[in-house]
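Input: a single structure, listed below in structure tokens.
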Amino acid sequence: MLRYGFMQNALFVSACISILCPCIGIFLVLRRYSMIGDTLSHASLAGVALGLLFDQNPILGAFIFTSACGALIEFLRSYFKKYTDLVLTIVLALSVGTAITIISSGKLHASADSFLFGSVLTVTPFDMVTVAVLSAASVLVLVFLYHPMLYIAFDEEAARVAGVKVRLINYIFSILVASAISVSIRIVGVMVLSSMIALPVATALQLRKGFRLTLLFSILFSVIDIMTGLFASYYLNVAPGGFTALVSVAVLLLVLLIRKVFQSLRDSHAQDGAAEAH
Amino acid sequence: MLMVKAENLYFSYTGTEPFVLKGIDLKIHPGEYVSIVGENGCGKSTLVRLILRFLKPTSGQILNHADRIGYVPQRSDFSNAGFPLTVHEMLDSYRRLLKIKDRKVPEMVLLRVGMSAFSNSLIGNLSGGQVQKVLIARALIGSPDLLILDEPSTGVDMKSQKQIYGFLKRINRQNRITIISVEHNLDAAVANSTLIYHLVNGRGHLCSPEQYADEYLSKNRIR
């Protein structure tokens with residue numbers, strides 16, 4: 001399977017996705033912003049449509065438009081402080097409206113369908129360069145802003161007292177989310193993209209570890225989910241996005257089950273110990 | 001120089017009436033332990049948030065001249081108990097935010113509040129009193145000259161309350177750290193503070209703990 005050039009390309013992009021998505025996802029999930037990931041992944045379709053309309057790289061189009069939508073969410077949140085859900089609805093209406101209008105106009109130079117469901121066949125060498133640059137830049141920014149972002153997620157007021165420029169970092173974070181989405185859109189597709197951001201993190205959270213270990217386990221689960229999804233979709237001849245989402249749900253359920261079994265065993269050991277003491 | 005100074009301070013969340021704070025004049029000198037007391041909704045936490053510069057005055061001014069502020073939030077606002085974070089990670093990350101190079105600082109502040117044994121525990125596995133002690137430990141990173149606490153005894157058992165107030169009193173009297181604490185625990189406010197700032201309907205006045213105990217506490221207890 002790996003002798004095919006298109007699978008090698010897909011494998012490279014999948015490796016980038018499986019590292020970048022959980023790194024961004026952990027901050028989104030812990031800030032209870034999972035729905036922002038969902039809104040921005042839908043917004044990326046409008047960026048793809050704009051890219052295809054102007055005969056430009058669709059991934060770059062998705063990155064620029066999604067970054068703008070992320071910044072718009074951040075800007076509108078200061079106006080609609082008590083109605084943050086409303087902000088997401090506004091941005092969703094703007095982006096999905098733009099996407100549907102452009103796609104239904106019939107003026108696109110290529111089909112946007114592969115971006116909806118994900119495809120291993122359509123990754124071009126230029127896409128790979130774009131994905132590599134966006135991933136490397138995002139991981140570098142994440143390493144640099146690790147502690148401020150951790151504190152904004154954990155205790156925003158303490159971060160402000162410590163002198164963290166919360167607003168500025170929130171804008172930078174919007175761009176990082178846009179980057180993760182743009183990197184993932186080719187393989188995973190718009191429809192299930194937010195699950196790639198949230199589910200490996202949700203699985204790692206079940207292990208009840210500290211932040212660093214939770215992040216590492218998120219990356220591990222993400223690699224398992226995406227690689228299993230990619231290889232299985234090749235043999236099953238289905239879109240990788242949908243199957244990867246199914247794998248990630250299955251892994252989450254498996255971890256929940258294992259945790260439950262371990263907890264029951266531990267409880268019964270504790271009861272036995274208490275009975276022996278009596 | 002004063003540590004905190006407010007002059008004719010007005011604040012409203014909408015920018016117009018009704019005002020939460022009305023014409024506050026307040027001077028806090030270095031080394032004082034000031035408890036801010038008053039009924040629910042009288043503006044205690046708002047005043048603290050103005051001192052911390054989280055909010056801007058609607059009119060008038062408020063200045064703090066602290067080199068470094070340590071802040072202990074209200075635990076009911078601190079809804080992140082399920083966050084996957086160990087005590088050490090929480091303190092070490094804060095040290096890095098303050099650009100303090102000494103890696104031993106987290107263990108040193110934990111030792112000061114008697115929580116060294118919990119360095120590797122998850123925040124979510126600690127009791128209310130233990131979380132409060134860890135939050136105080138975090139506030140001590142960087143040797144603050146002003147410590148601001150918002151209801152430090154809320155949800156904390158009596159034994160831990162005694163330890164926490166004993167510790168606060170000690171660092172105030174021995175290390176001369178200025179403390180401003182929003183208080184519901186009036187007995188603790190009278191026993192530990194050097195001054196009490198009593199807020200009623202957005203207006204306040206400073207008095208000594210003895211004066212406050214005579215004027216308000218005894219009156220309310222007879223009823």
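Following the order of the structure tokens, chains are lettered A, B, ..., residues in each are numbered from 1, and ligands are numbered from 1.
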
Near chain B, which residues of chain A fall within 12 Å when you count only C-alpha atoms, and what do they look like as an NGL selection string?
:A and (26-27 or 29-32 or 144-166 or 201-202 or 204-215)

Which polymer residues have any atom within 7 Å of an atom of stretch 41-44 of chain A, counting only C-alpha atoms, with same-chain residues fewer than 4 positions away left out, as a list in words?
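My reading of the contact set: Gly37, Val48, Ala62, Phe65, Thr66, Leu92, Ser95, Val96, Ile181, Val190, Leu193 and Ser194 of chain A.
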
File dump, residues just selected, C-alpha atoms, as a compact mmCIF listing (two decimals), in the first residue's frame:
# COMPACT_ATOMS: atom_id res chain seq x y z
CA GLY A 37 -13.56 24.02 16.62
CA VAL A 48 -11.73 26.11 0.32
CA ALA A 62 -9.02 27.63 4.20
CA PHE A 65 -10.53 32.47 5.83
CA THR A 66 -10.60 30.33 9.01
CA LEU A 92 -21.40 29.84 11.12
CA SER A 95 -19.13 31.05 6.52
CA VAL A 96 -21.59 28.32 5.55
CA ILE A 181 -8.12 22.79 10.64
CA VAL A 190 -14.97 19.25 7.08
CA LEU A 193 -12.89 17.54 11.57
CA SER A 194 -13.91 18.77 15.03

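With atom CA of B:Cys42 on one side and atom CA of B:Thr178 on the other, the separation reads 23.1 Å.
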
Shell of 12 Å around B:Leu168, only C-alpha atoms, local chain residues under 3 positions omitted, as an mmCIF file with N, CA and C atoms, in the first residue's frame:
data_model
loop_
_atom_site.group_PDB
_atom_site.id
_atom_site.type_symbol
_atom_site.label_atom_id
_atom_site.label_comp_id
_atom_site.auth_asym_id
_atom_site.auth_seq_id
_atom_site.Cartn_x
_atom_site.Cartn_y
_atom_site.Cartn_z
ATOM 1 N N GLU B 32 -0.381 46.832 56.020
ATOM 2 C CA GLU B 32 -1.716 46.680 56.625
ATOM 3 C C GLU B 32 -2.332 45.336 56.230
ATOM 4 N N TYR B 33 -3.290 44.873 57.036
ATOM 5 C CA TYR B 33 -4.109 43.705 56.706
ATOM 6 C C TYR B 33 -5.542 44.226 56.745
ATOM 7 N N VAL B 34 -6.085 44.481 55.573
ATOM 8 C CA VAL B 34 -7.416 45.098 55.493
ATOM 9 C C VAL B 34 -8.439 44.057 55.047
ATOM 10 N N SER B 35 -9.472 43.861 55.866
ATOM 11 C CA SER B 35 -10.567 42.983 55.461
ATOM 12 C C SER B 35 -11.696 43.848 54.934
ATOM 13 N N VAL B 72 -5.489 35.412 45.249
ATOM 14 C CA VAL B 72 -6.155 34.147 45.562
ATOM 15 C C VAL B 72 -7.631 34.323 45.224
ATOM 16 N N ARG B 112 5.922 26.228 52.703
ATOM 17 C CA ARG B 112 5.451 27.335 53.567
ATOM 18 C C ARG B 112 3.999 27.139 54.003
ATOM 19 N N VAL B 113 3.184 26.553 53.107
ATOM 20 C CA VAL B 113 1.774 26.363 53.483
ATOM 21 C C VAL B 113 1.492 24.932 53.959
ATOM 22 N N LYS B 133 -5.066 26.311 50.207
ATOM 23 C CA LYS B 133 -3.655 26.448 50.610
ATOM 24 C C LYS B 133 -2.741 26.482 49.380
ATOM 25 N N ILE B 136 -2.953 29.823 47.798
ATOM 26 C CA ILE B 136 -2.163 30.799 48.564
ATOM 27 C C ILE B 136 -0.672 30.600 48.240
ATOM 28 N N ALA B 137 -0.258 29.329 48.147
ATOM 29 C CA ALA B 137 1.143 29.041 47.795
ATOM 30 C C ALA B 137 1.476 29.675 46.446
ATOM 31 N N ALA B 139 0.066 32.227 45.083
ATOM 32 C CA ALA B 139 0.094 33.685 45.215
ATOM 33 C C ALA B 139 1.407 34.176 45.825
ATOM 34 N N LEU B 140 2.093 33.290 46.552
ATOM 35 C CA LEU B 140 3.349 33.700 47.207
ATOM 36 C C LEU B 140 4.558 33.627 46.269
ATOM 37 N N LEU B 146 1.934 42.717 47.844
ATOM 38 C CA LEU B 146 0.489 42.860 48.085
ATOM 39 C C LEU B 146 -0.194 41.530 47.781
ATOM 40 N N LEU B 147 -0.928 41.021 48.782
ATOM 41 C CA LEU B 147 -1.655 39.766 48.606
ATOM 42 C C LEU B 147 -3.154 40.083 48.667
ATOM 43 N N ILE B 148 -3.876 39.696 47.617
ATOM 44 C CA ILE B 148 -5.318 39.969 47.560
ATOM 45 C C ILE B 148 -6.060 38.638 47.574
ATOM 46 N N LEU B 149 -6.990 38.504 48.508
ATOM 47 C CA LEU B 149 -7.745 37.251 48.632
ATOM 48 C C LEU B 149 -9.243 37.544 48.560
ATOM 49 N N PRO B 152 -11.303 33.872 51.473
ATOM 50 C CA PRO B 152 -10.397 32.719 51.626
ATOM 51 C C PRO B 152 -10.974 31.557 52.419
ATOM 52 N N SER B 153 -12.066 31.770 53.186
ATOM 53 C CA SER B 153 -12.556 30.651 54.014
ATOM 54 C C SER B 153 -13.796 29.968 53.445
ATOM 55 N N GLN B 161 -9.319 26.484 58.079
ATOM 56 C CA GLN B 161 -9.517 27.939 58.227
ATOM 57 C C GLN B 161 -8.531 28.502 59.246
ATOM 58 N N LYS B 162 -8.409 27.788 60.373
ATOM 59 C CA LYS B 162 -7.517 28.244 61.437
ATOM 60 C C LYS B 162 -6.076 28.315 60.933
ATOM 61 N N GLN B 163 -5.679 27.261 60.178
ATOM 62 C CA GLN B 163 -4.308 27.228 59.635
ATOM 63 C C GLN B 163 -4.090 28.366 58.638
ATOM 64 N N ILE B 164 -5.091 28.574 57.763
ATOM 65 C CA ILE B 164 -4.948 29.597 56.715
ATOM 66 C C ILE B 164 -4.851 30.995 57.338
ATOM 67 N N TYR B 165 -5.756 31.308 58.282
ATOM 68 C CA TYR B 165 -5.722 32.647 58.887
ATOM 69 C C TYR B 165 -4.461 32.851 59.730
ATOM 70 N N ILE B 171 2.414 36.014 57.909
ATOM 71 C CA ILE B 171 3.183 36.650 56.818
ATOM 72 C C ILE B 171 2.925 38.157 56.778
ATOM 73 N N ASN B 172 1.757 38.567 57.294
ATOM 74 C CA ASN B 172 1.482 40.012 57.350
ATOM 75 C C ASN B 172 2.330 40.680 58.425
ATOM 76 N N ARG B 173 2.362 40.085 59.612
ATOM 77 C CA ARG B 173 3.068 40.719 60.740
ATOM 78 C C ARG B 173 4.589 40.548 60.603
ATOM 79 N N GLN B 174 5.020 39.345 60.173
ATOM 80 C CA GLN B 174 6.476 39.082 60.135
ATOM 81 C C GLN B 174 7.126 39.559 58.844
ATOM 82 N N ASN B 175 6.475 39.270 57.706
ATOM 83 C CA ASN B 175 7.085 39.606 56.407
ATOM 84 C C ASN B 175 6.602 40.938 55.849
ATOM 85 N N ARG B 176 5.666 41.582 56.558
ATOM 86 C CA ARG B 176 5.145 42.902 56.164
ATOM 87 C C ARG B 176 4.483 42.873 54.785
ATOM 88 N N ILE B 177 3.882 41.738 54.439
ATOM 89 C CA ILE B 177 3.133 41.675 53.179
ATOM 90 C C ILE B 177 1.775 42.325 53.413
ATOM 91 N N THR B 178 1.430 43.301 52.593
ATOM 92 C CA THR B 178 0.117 43.948 52.705
ATOM 93 C C THR B 178 -0.949 42.958 52.245
ATOM 94 N N ILE B 179 -2.011 42.827 53.035
ATOM 95 C CA ILE B 179 -3.077 41.884 52.669
ATOM 96 C C ILE B 179 -4.401 42.639 52.540
ATOM 97 N N ILE B 180 -5.100 42.369 51.453
ATOM 98 C CA ILE B 180 -6.470 42.867 51.289
ATOM 99 C C ILE B 180 -7.334 41.632 51.060
ATOM 100 N N SER B 181 -8.311 41.429 51.957
ATOM 101 C CA SER B 181 -9.091 40.197 51.877
ATOM 102 C C SER B 181 -10.582 40.505 51.924
ATOM 103 N N ALA B 188 -13.086 36.073 61.804
ATOM 104 C CA ALA B 188 -11.706 36.026 61.305
ATOM 105 C C ALA B 188 -11.228 37.421 60.938
ATOM 106 N N ALA B 189 -12.136 38.225 60.364
ATOM 107 C CA ALA B 189 -11.764 39.590 59.979
ATOM 108 C C ALA B 189 -11.356 40.398 61.213
ATOM 109 N N ALA B 191 -10.404 39.201 64.166
ATOM 110 C CA ALA B 191 -9.260 38.606 64.872
ATOM 111 C C ALA B 191 -7.922 38.864 64.165
ATOM 112 N N ASN B 192 -7.934 38.984 62.838
ATOM 113 C CA ASN B 192 -6.661 39.012 62.102
ATOM 114 C C ASN B 192 -6.293 40.351 61.475
ATOM 115 N N SER B 193 -7.299 41.162 61.137
ATOM 116 C CA SER B 193 -7.020 42.382 60.371
ATOM 117 C C SER B 193 -6.427 43.474 61.243
#
